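final19.pdb follows; it contains PDB, C-alpha atoms and all ligand atoms.
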```pdb
ATOM      1  CA  MET J1081       4.736  21.867   6.015
ATOM      2  CA  SER J1082       3.668  23.667   2.866
ATOM      3  CA  GLU J1083       0.020  24.459   2.249
ATOM      4  CA  ASN J1084       0.165  22.021  -0.696
ATOM      5  CA  ALA J1085       1.346  19.136   1.441
ATOM      6  CA  TYR J1086      -1.355  19.847   3.998
ATOM      7  CA  GLN J1087      -4.019  19.944   1.289
ATOM      8  CA  THR J1088      -2.835  16.604  -0.117
ATOM      9  CA  ILE J1089      -3.204  15.021   3.309
ATOM     10  CA  MET J1090      -6.670  16.469   3.781
ATOM     11  CA  ASP J1091      -7.936  15.579   0.300
ATOM     12  CA  ARG J1092      -6.502  12.053  -0.154
ATOM     13  CA  VAL J1093      -9.073   9.378  -0.949
ATOM     14  CA  SER J1094      -8.980   5.666  -1.672
ATOM     15  CA  VAL J1095      -9.576   4.950  -5.349
ATOM     16  CA  LYS J1096     -11.388   1.701  -6.144
ATOM     17  CA  LYS J1097     -11.653   1.795  -9.952
ATOM     18  CA  TYR J1098      -8.668   2.074 -12.306
ATOM     19  CA  LYS J1099      -7.766   2.390 -15.945
ATOM     20  CA  PRO J1100      -5.332  -0.283 -17.185
ATOM     21  CA  ASP J1101      -2.787   2.364 -18.311
ATOM     22  CA  PRO J1102       0.636   1.732 -16.779
ATOM     23  CA  VAL J1103       2.163   4.162 -14.292
ATOM     24  CA  PRO J1104       5.233   5.866 -15.832
ATOM     25  CA  GLU J1105       8.452   4.611 -14.294
ATOM     26  CA  GLU J1106       9.553   8.077 -13.157
ATOM     27  CA  LEU J1107       6.386   8.380 -11.067
ATOM     28  CA  VAL J1108       6.841   4.871  -9.686
ATOM     29  CA  GLU J1109      10.348   5.836  -8.565
ATOM     30  CA  LYS J1110       9.064   8.981  -6.847
ATOM     31  CA  ILE J1111       6.339   7.073  -5.004
ATOM     32  CA  LEU J1112       8.788   4.390  -3.852
ATOM     33  CA  ALA J1113      11.219   7.041  -2.603
ATOM     34  CA  ALA J1114       8.409   8.688  -0.624
ATOM     35  CA  GLY J1115       7.624   5.353   1.042
ATOM     36  CA  LEU J1116      11.236   4.814   2.036
ATOM     37  CA  ALA J1117      11.437   8.392   3.347
ATOM     38  CA  ALA J1118       9.170   7.415   6.255
ATOM     39  CA  PRO J1119      10.625   7.360   9.765
ATOM     40  CA  SER J1120      11.169   4.015  11.497
ATOM     41  CA  GLY J1121      11.625   2.856  15.068
ATOM     42  CA  VAL J1122      15.311   3.135  16.111
ATOM     43  CA  ASN J1123      15.937   4.081  12.469
ATOM     44  CA  MET J1124      15.766   0.374  11.620
ATOM     45  CA  GLN J1125      14.753   0.995   7.984
ATOM     46  CA  GLY J1126      13.475  -2.560   7.814
ATOM     47  CA  THR J1127      10.697  -1.767   5.350
ATOM     48  CA  TYR J1128      11.038  -3.386   1.920
ATOM     49  CA  LEU J1129       8.913  -2.580  -1.114
ATOM     50  CA  LEU J1130       8.053  -5.226  -3.679
ATOM     51  CA  VAL J1131       6.809  -3.780  -6.975
ATOM     52  CA  ALA J1132       4.559  -5.921  -9.152
ATOM     53  CA  THR J1133       3.019  -5.317 -12.584
ATOM     54  CA  GLY J1134       1.691  -7.565 -15.350
ATOM     55  CA  GLU J1135       1.551 -11.306 -14.688
ATOM     56  CA  LYS J1136       3.029 -11.025 -11.183
ATOM     57  CA  ARG J1137       0.469  -8.375 -10.254
ATOM     58  CA  ASN J1138      -2.234 -10.752 -11.497
ATOM     59  CA  LEU J1139      -0.808 -13.580  -9.429
ATOM     60  CA  LEU J1140      -0.787 -11.390  -6.295
ATOM     61  CA  SER J1141      -4.409 -10.489  -6.997
ATOM     62  CA  LYS J1142      -5.300 -14.187  -7.225
ATOM     63  CA  LEU J1143      -3.470 -15.055  -4.011
ATOM     64  CA  ASN J1144      -5.096 -12.100  -2.244
ATOM     65  CA  ALA J1145      -8.598 -13.093  -3.376
ATOM     66  CA  ALA J1146      -7.981 -16.672  -2.251
ATOM     67  CA  VAL J1147      -7.269 -15.488   1.323
ATOM     68  CA  PHE J1148     -10.891 -14.424   1.728
ATOM     69  CA  ASN J1149     -12.454 -16.855  -0.739
ATOM     70  CA  ARG J1150     -13.472 -14.236  -3.271
ATOM     71  CA  GLU J1151     -13.707 -14.257  -7.017
ATOM     72  CA  GLY J1152     -12.629 -11.184  -8.948
ATOM     73  CA  ASP J1153      -9.799  -8.708  -8.597
ATOM     74  CA  PRO J1154      -9.311  -7.251  -5.114
ATOM     75  CA  PHE J1155      -6.934  -4.716  -6.734
ATOM     76  CA  TYR J1156      -9.791  -3.051  -8.680
ATOM     77  CA  GLY J1157      -7.929  -3.228 -11.984
ATOM     78  CA  ALA J1158      -4.949  -1.148 -10.773
ATOM     79  CA  PRO J1159      -1.922  -1.961 -12.955
ATOM     80  CA  LEU J1160       0.652  -1.532 -10.180
ATOM     81  CA  VAL J1161       0.931  -3.058  -6.728
ATOM     82  CA  ILE J1162       3.551  -2.018  -4.217
ATOM     83  CA  VAL J1163       3.714  -4.595  -1.465
ATOM     84  CA  VAL J1164       4.997  -3.204   1.813
ATOM     85  CA  LEU J1165       6.995  -5.770   3.758
ATOM     86  CA  ASP J1166       8.907  -5.335   6.962
ATOM     87  CA  ARG J1167      11.705  -7.338   8.520
ATOM     88  CA  LYS J1168      10.523  -9.709  11.213
ATOM     89  CA  ASP J1169      13.458  -8.682  13.412
ATOM     90  CA  ALA J1170      12.213  -5.067  13.456
ATOM     91  CA  PHE J1171      10.240  -4.781  16.673
ATOM     92  CA  CYS J1172       8.257  -1.796  15.303
ATOM     93  CA  ARG J1173       7.592  -3.526  11.986
ATOM     94  CA  THR J1174       3.814  -3.052  11.878
ATOM     95  CA  TYR J1175       4.119   0.653  12.709
ATOM     96  CA  ASP J1176       7.099   1.230  10.397
ATOM     97  CA  GLY J1177       5.492  -0.535   7.462
ATOM     98  CA  SER J1178       2.135   1.160   7.968
ATOM     99  CA  LEU J1179       3.771   4.560   8.037
ATOM    100  CA  ALA J1180       5.643   3.823   4.804
ATOM    101  CA  ALA J1181       2.361   2.621   3.290
ATOM    102  CA  GLY J1182       0.698   5.895   4.293
ATOM    103  CA  GLN J1183       3.440   7.856   2.581
ATOM    104  CA  LEU J1184       3.024   5.773  -0.579
ATOM    105  CA  LEU J1185      -0.694   6.624  -0.570
ATOM    106  CA  LEU J1186      -0.046  10.332  -0.123
ATOM    107  CA  ALA J1187       2.724  10.463  -2.736
ATOM    108  CA  ALA J1188       0.577   8.708  -5.341
ATOM    109  CA  ASP J1189      -2.257  11.137  -4.683
ATOM    110  CA  ALA J1190       0.068  14.152  -4.807
ATOM    111  CA  LEU J1191       1.367  12.994  -8.197
ATOM    112  CA  GLY J1192      -2.120  12.851  -9.701
ATOM    113  CA  LEU J1193      -2.598   9.095  -9.406
ATOM    114  CA  GLY J1194      -5.076   7.023  -7.448
ATOM    115  CA  ALA J1195      -4.112   4.592  -4.709
ATOM    116  CA  CYS J1196      -5.620   2.377  -2.032
ATOM    117  CA  TRP J1197      -4.433   0.109   0.771
ATOM    118  CA  ILE J1198      -5.498  -3.478   0.138
ATOM    119  CA  HIS J1199      -5.126  -5.790   3.075
ATOM    120  CA  ARG J1200      -4.156  -9.457   3.506
ATOM    121  CA  ALA J1201      -0.462  -8.993   2.606
ATOM    122  CA  LYS J1202       0.433 -10.825   5.820
ATOM    123  CA  GLN J1203      -1.545 -13.936   4.880
ATOM    124  CA  VAL J1204      -0.268 -13.914   1.279
ATOM    125  CA  PHE J1205       3.399 -13.621   2.284
ATOM    126  CA  ASP J1206       3.076 -16.112   5.122
ATOM    127  CA  SER J1207       1.959 -18.678   2.535
ATOM    128  CA  GLU J1208       4.315 -20.960   0.636
ATOM    129  CA  GLU J1209       3.417 -19.291  -2.687
ATOM    130  CA  GLY J1210       4.107 -15.864  -1.204
ATOM    131  CA  LYS J1211       7.456 -16.997   0.207
ATOM    132  CA  LYS J1212       8.389 -18.356  -3.198
ATOM    133  CA  LEU J1213       7.767 -14.907  -4.706
ATOM    134  CA  LEU J1214       9.922 -13.239  -2.043
ATOM    135  CA  LYS J1215      12.743 -15.613  -2.865
ATOM    136  CA  GLU J1216      12.291 -15.029  -6.579
ATOM    137  CA  ALA J1217      12.513 -11.255  -5.991
ATOM    138  CA  GLY J1218      15.769 -11.729  -4.066
ATOM    139  CA  ILE J1219      14.529 -10.904  -0.567
ATOM    140  CA  GLN J1220      16.633 -12.996   1.761
ATOM    141  CA  GLU J1221      15.578 -11.710   5.170
ATOM    142  CA  GLU J1222      12.495 -12.969   6.999
ATOM    143  CA  VAL J1223       9.770 -10.416   6.290
ATOM    144  CA  GLU J1224       6.126  -9.914   7.125
ATOM    145  CA  GLY J1225       3.531  -8.590   4.688
ATOM    146  CA  ILE J1226       2.092  -5.300   5.929
ATOM    147  CA  ALA J1227       0.094  -3.812   3.049
ATOM    148  CA  ASN J1228      -0.541  -3.885  -0.670
ATOM    149  CA  ILE J1229      -0.687  -0.381  -2.072
ATOM    150  CA  ILE J1230      -2.410  -0.394  -5.437
ATOM    151  CA  VAL J1231      -1.643   2.510  -7.741
ATOM    152  CA  GLY J1232      -2.934   3.660 -11.112
ATOM    153  CA  TYR J1233      -4.953   6.234 -12.993
ATOM    154  CA  PRO J1234      -8.480   6.524 -11.614
ATOM    155  CA  ASP J1235     -11.244   5.414 -13.945
ATOM    156  CA  GLY J1236     -14.001   7.981 -13.479
ATOM    157  CA  PRO J1237     -14.390  10.996 -11.234
ATOM    158  CA  ARG J1238     -12.390  11.360  -8.040
ATOM    159  CA  PRO J1239     -14.349   9.750  -5.176
ATOM    160  CA  ASP J1240     -15.796  12.096  -2.566
ATOM    161  CA  LYS J1241     -13.892  12.435   0.669
ATOM    162  CA  LYS J1242     -15.692  10.298   3.241
ATOM    163  CA  PRO J1243     -16.827  12.342   6.240
ATOM    164  CA  ARG J1244     -14.793  11.762   9.370
ATOM    165  CA  LYS J1245     -16.493  10.761  12.626
ATOM    166  CA  PRO J1246     -16.375  13.688  15.011
ATOM    167  CA  GLY J1247     -15.688  13.565  18.749
ATOM    168  CA  ARG J1248     -12.423  11.628  18.575
ATOM    169  CA  VAL J1249     -10.076  14.280  19.918
ATOM    170  CA  TYR J1250      -9.568  14.591  23.665
ATOM    171  CA  ARG J1251      -7.413  17.047  25.499
ATOM    172  CA  LEU J1252      -5.583  17.085  28.760
ATOM    173  CA  GLY J1253      -4.652  20.318  30.453
TER     174      GLY J1253
HETATM  175  C1  LIG J1301      -5.510  -1.061   7.207
HETATM  176  C2  LIG J1301      -6.381  -0.823   6.000
HETATM  177  C3  LIG J1301      -6.852  -1.906   5.283
HETATM  178  C4  LIG J1301      -7.631  -1.701   4.150
HETATM  179  N1  LIG J1301      -7.992  -2.774   3.406
HETATM  180  C5  LIG J1301      -8.751  -2.594   2.300
HETATM  181  C6  LIG J1301      -9.088  -3.692   1.471
HETATM  182  O1  LIG J1301      -8.659  -4.819   1.678
HETATM  183  N2  LIG J1301      -9.901  -3.455   0.409
HETATM  184  C7  LIG J1301     -10.383  -2.204   0.110
HETATM  185  O2  LIG J1301     -11.120  -2.052  -0.837
HETATM  186  N3  LIG J1301     -10.013  -1.124   0.855
HETATM  187  C8  LIG J1301      -9.224  -1.294   1.929
HETATM  188  N4  LIG J1301      -8.829  -0.197   2.674
HETATM  189  C9  LIG J1301      -9.263   1.168   2.277
HETATM  190  C10 LIG J1301     -10.421   1.642   3.137
HETATM  191  O3  LIG J1301     -11.617   1.075   2.675
HETATM  192  C11 LIG J1301     -10.485   3.179   3.075
HETATM  193  O4  LIG J1301      -9.280   3.742   3.538
HETATM  194  C12 LIG J1301     -11.636   3.713   3.926
HETATM  195  O5  LIG J1301     -12.871   3.344   3.375
HETATM  196  C13 LIG J1301     -11.610   5.241   4.059
HETATM  197  O6  LIG J1301     -11.662   5.844   2.789
HETATM  198  P1  LIG J1301     -10.552   6.909   2.337
HETATM  199  O7  LIG J1301      -9.243   6.167   2.259
HETATM  200  O8  LIG J1301     -11.020   7.383   1.002
HETATM  201  O9  LIG J1301     -10.492   7.978   3.356
HETATM  202  C14 LIG J1301      -8.007  -0.382   3.776
HETATM  203  C15 LIG J1301      -7.509   0.712   4.493
HETATM  204  C16 LIG J1301      -6.688   0.494   5.569
HETATM  205  C17 LIG J1301      -6.120   1.696   6.298
END
```
Go ahead and express the file in the form of structure tokens.
Amino acid sequence: MSENAYQTIMDRVSVKKYKPDPVPEELVEKILAAGLAAPSGVNMQGTYLLVATGEKRNLLSKLNAAVFNREGDPFYGAPLVIVVLDRKDAFCRTYDGSLAAGQLLLAADALGLGACWIHRAKQVFDSEEGKKLLKEAGIQEEVEGIANIIVGYPDGPRPDKKPRKPGRVYRLG
């Protein structure tokens, strides 16, 4: 691993305030490719990415907020949402999808953007409205929502890295 890649991993933070400026398509493509570059159990490659901007992004925000009875935008104004879905017939789906989501977060950060994992994708895409969106997007397989990765240009200074709790590494031998 290059020193750069290591530094990106160590410095990544969740961004929770965004400018409305759209993410250029070439960067979107790079981030998506990084997500799909993740390993998967038995090389299943059952992770699907659903990209939403504009009105559809707003609808996903509304559905997400409704899951936990909140007002406001759980996507913090980010203009782009990449929903990570994984095939229900992939027995490692939660692990596979989470790993892809992690790579999306790192890629966005490495490319000078902000990103954050927003939860409740499972509830949204288990709902009838969520299933309708999957159908509309052309996803035919049964999939489970794993994560929403919001992406955009941070509004304001880069958040500080949150300190990590020590004492969580154990050794044998
Ligand atoms: C599984 C998971 C679910 C998360 N869900 C949310 C969420 O719904 N809303 C939110 O604001 N942040 C969410 N986060 C981001 C966390 O708040 C964030 O990762 C944590 O505070 C550590 O900060 P850092 O990412 O800057 O290290 C989630 C992160 C993970 C890994």
Hits from the PyMOL selection byres (((not hetatm)) within 7 of (chain J and resi 1301)), listed as number ranges by chain: J: 1092-1096, 1154, 1196-1200, 1241-1242
Which residues are close to Gly1225 (chain J), i.e. within 9 Å by all atoms listed in the file, leaving aside same-chain residues fewer than 5 positions away? Reply as an NGL selection string. :J and (1163-1166 or 1177 or 1200-1206)
Which residues, protein or nucleic acid, reach to within 8 Å of (10.0, -7.7, 6.9) in the file's coordinates when using all atoms listed in the file, and can you give that as a ChimeraX atom specification? /J:1126-1128,1165-1170,1173,1221-1225
Selection from above, C-alpha atoms, as a PDB file, keeping the file's coordinate frame, can you write it?
```
ATOM      1  CA  GLY J1126      13.475  -2.560   7.814  1.00  0.00           C
ATOM      2  CA  THR J1127      10.697  -1.767   5.350  1.00  0.00           C
ATOM      3  CA  TYR J1128      11.038  -3.386   1.920  1.00  0.00           C
ATOM      4  CA  LEU J1165       6.995  -5.770   3.758  1.00  0.00           C
ATOM      5  CA  ASP J1166       8.907  -5.335   6.962  1.00  0.00           C
ATOM      6  CA  ARG J1167      11.705  -7.338   8.520  1.00  0.00           C
ATOM      7  CA  LYS J1168      10.523  -9.709  11.213  1.00  0.00           C
ATOM      8  CA  ASP J1169      13.458  -8.682  13.412  1.00  0.00           C
ATOM      9  CA  ALA J1170      12.213  -5.067  13.456  1.00  0.00           C
ATOM     10  CA  ARG J1173       7.592  -3.526  11.986  1.00  0.00           C
ATOM     11  CA  GLU J1221      15.578 -11.710   5.170  1.00  0.00           C
ATOM     12  CA  GLU J1222      12.495 -12.969   6.999  1.00  0.00           C
ATOM     13  CA  VAL J1223       9.770 -10.416   6.290  1.00  0.00           C
ATOM     14  CA  GLU J1224       6.126  -9.914   7.125  1.00  0.00           C
ATOM     15  CA  GLY J1225       3.531  -8.590   4.688  1.00  0.00           C
TER      16      GLY J1225
END
```
Point out the residue among J:Glu1083, J:Ala1227, J:Pro1104, J:Lys1110 with the least atom-to-atom distance to Thr1174 (chain J), counting all atoms listed in the file. J:Ala1227
If the PyMOL selection byres (((chain J and resi 1097) around 7) and not hetatm) were run on this exact file, what residues would it hold? Put them as a PDB file with C-alpha atoms, keeping the file's coordinate frame.
```
ATOM      1  CA  VAL J1095      -9.576   4.950  -5.349  1.00  0.00           C
ATOM      2  CA  LYS J1096     -11.388   1.701  -6.144  1.00  0.00           C
ATOM      3  CA  TYR J1098      -8.668   2.074 -12.306  1.00  0.00           C
ATOM      4  CA  TYR J1156      -9.791  -3.051  -8.680  1.00  0.00           C
ATOM      5  CA  GLY J1157      -7.929  -3.228 -11.984  1.00  0.00           C
ATOM      6  CA  PRO J1234      -8.480   6.524 -11.614  1.00  0.00           C
ATOM      7  CA  ASP J1235     -11.244   5.414 -13.945  1.00  0.00           C
TER       8      ASP J1235
END
```
Atomic distance CA of Ala1145 (chain J) - CA of Gly1232 (chain J), expressed in Å with one decimal: 19.3 Å
The PyMOL selection byres (((chain J and resi 1139-1143) around 8) and not hetatm) on the file shown: which residues, as a short mmCIF file (atom, residue, chain, number, x, y, z; two decimals) with C-alpha atoms, in the coordinates of the input?
```
data_model
loop_
_atom_site.label_atom_id
_atom_site.label_comp_id
_atom_site.auth_asym_id
_atom_site.auth_seq_id
_atom_site.Cartn_x
_atom_site.Cartn_y
_atom_site.Cartn_z
CA GLU J 1135 1.55 -11.31 -14.69
CA LYS J 1136 3.03 -11.02 -11.18
CA ARG J 1137 0.47 -8.38 -10.25
CA ASN J 1138 -2.23 -10.75 -11.50
CA ASN J 1144 -5.10 -12.10 -2.24
CA ALA J 1145 -8.60 -13.09 -3.38
CA ALA J 1146 -7.98 -16.67 -2.25
CA VAL J 1147 -7.27 -15.49 1.32
CA ASP J 1153 -9.80 -8.71 -8.60
CA PRO J 1154 -9.31 -7.25 -5.11
CA PHE J 1155 -6.93 -4.72 -6.73
CA VAL J 1204 -0.27 -13.91 1.28
#
```
Centre, edges in Å (one decimal): axis-aligned box, region 1188-1196 of chain J, 5 Å padding on all six sides, as JSON:
```
{"center_x": -2.1, "center_y": 8.3, "center_z": -5.9, "size_x": 17.0, "size_y": 21.8, "size_z": 17.7}
```
Which distance in Å separates CA of Val1103 (chain J) and CA of Ala1190 (chain J), to one decimal? 13.9 Å
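From CA of Gln1183 (chain J) back to CA of Leu1130 (chain J), the distance works out to 15.2 Å.
Of the listed residues J:Gly1218, J:Met1090, J:Val1131, J:Pro1102, the one whose atoms come nearest to Pro1243 (chain J) is J:Met1090, with distances taken using only C-alpha atoms.
Of the listed residues J:Pro1159, J:Pro1100, J:Gly1152, J:Gly1115, the one whose atoms come nearest to Ala1187 (chain J) is J:Gly1115, with distances taken using only C-alpha atoms.
With all atoms listed in the file as the atoms that count, the minimum distance from Cys1172 (chain J) to the choices J:Ala1113, J:Leu1191, J:Leu1184, J:Val1122 is reached by J:Val1122.
Distances to Arg1238 (chain J) were evaluated for J:Val1161, J:Leu1129, J:Ala1118, J:Ala1195 using only C-alpha atoms, and the minimum falls at J:Ala1195.
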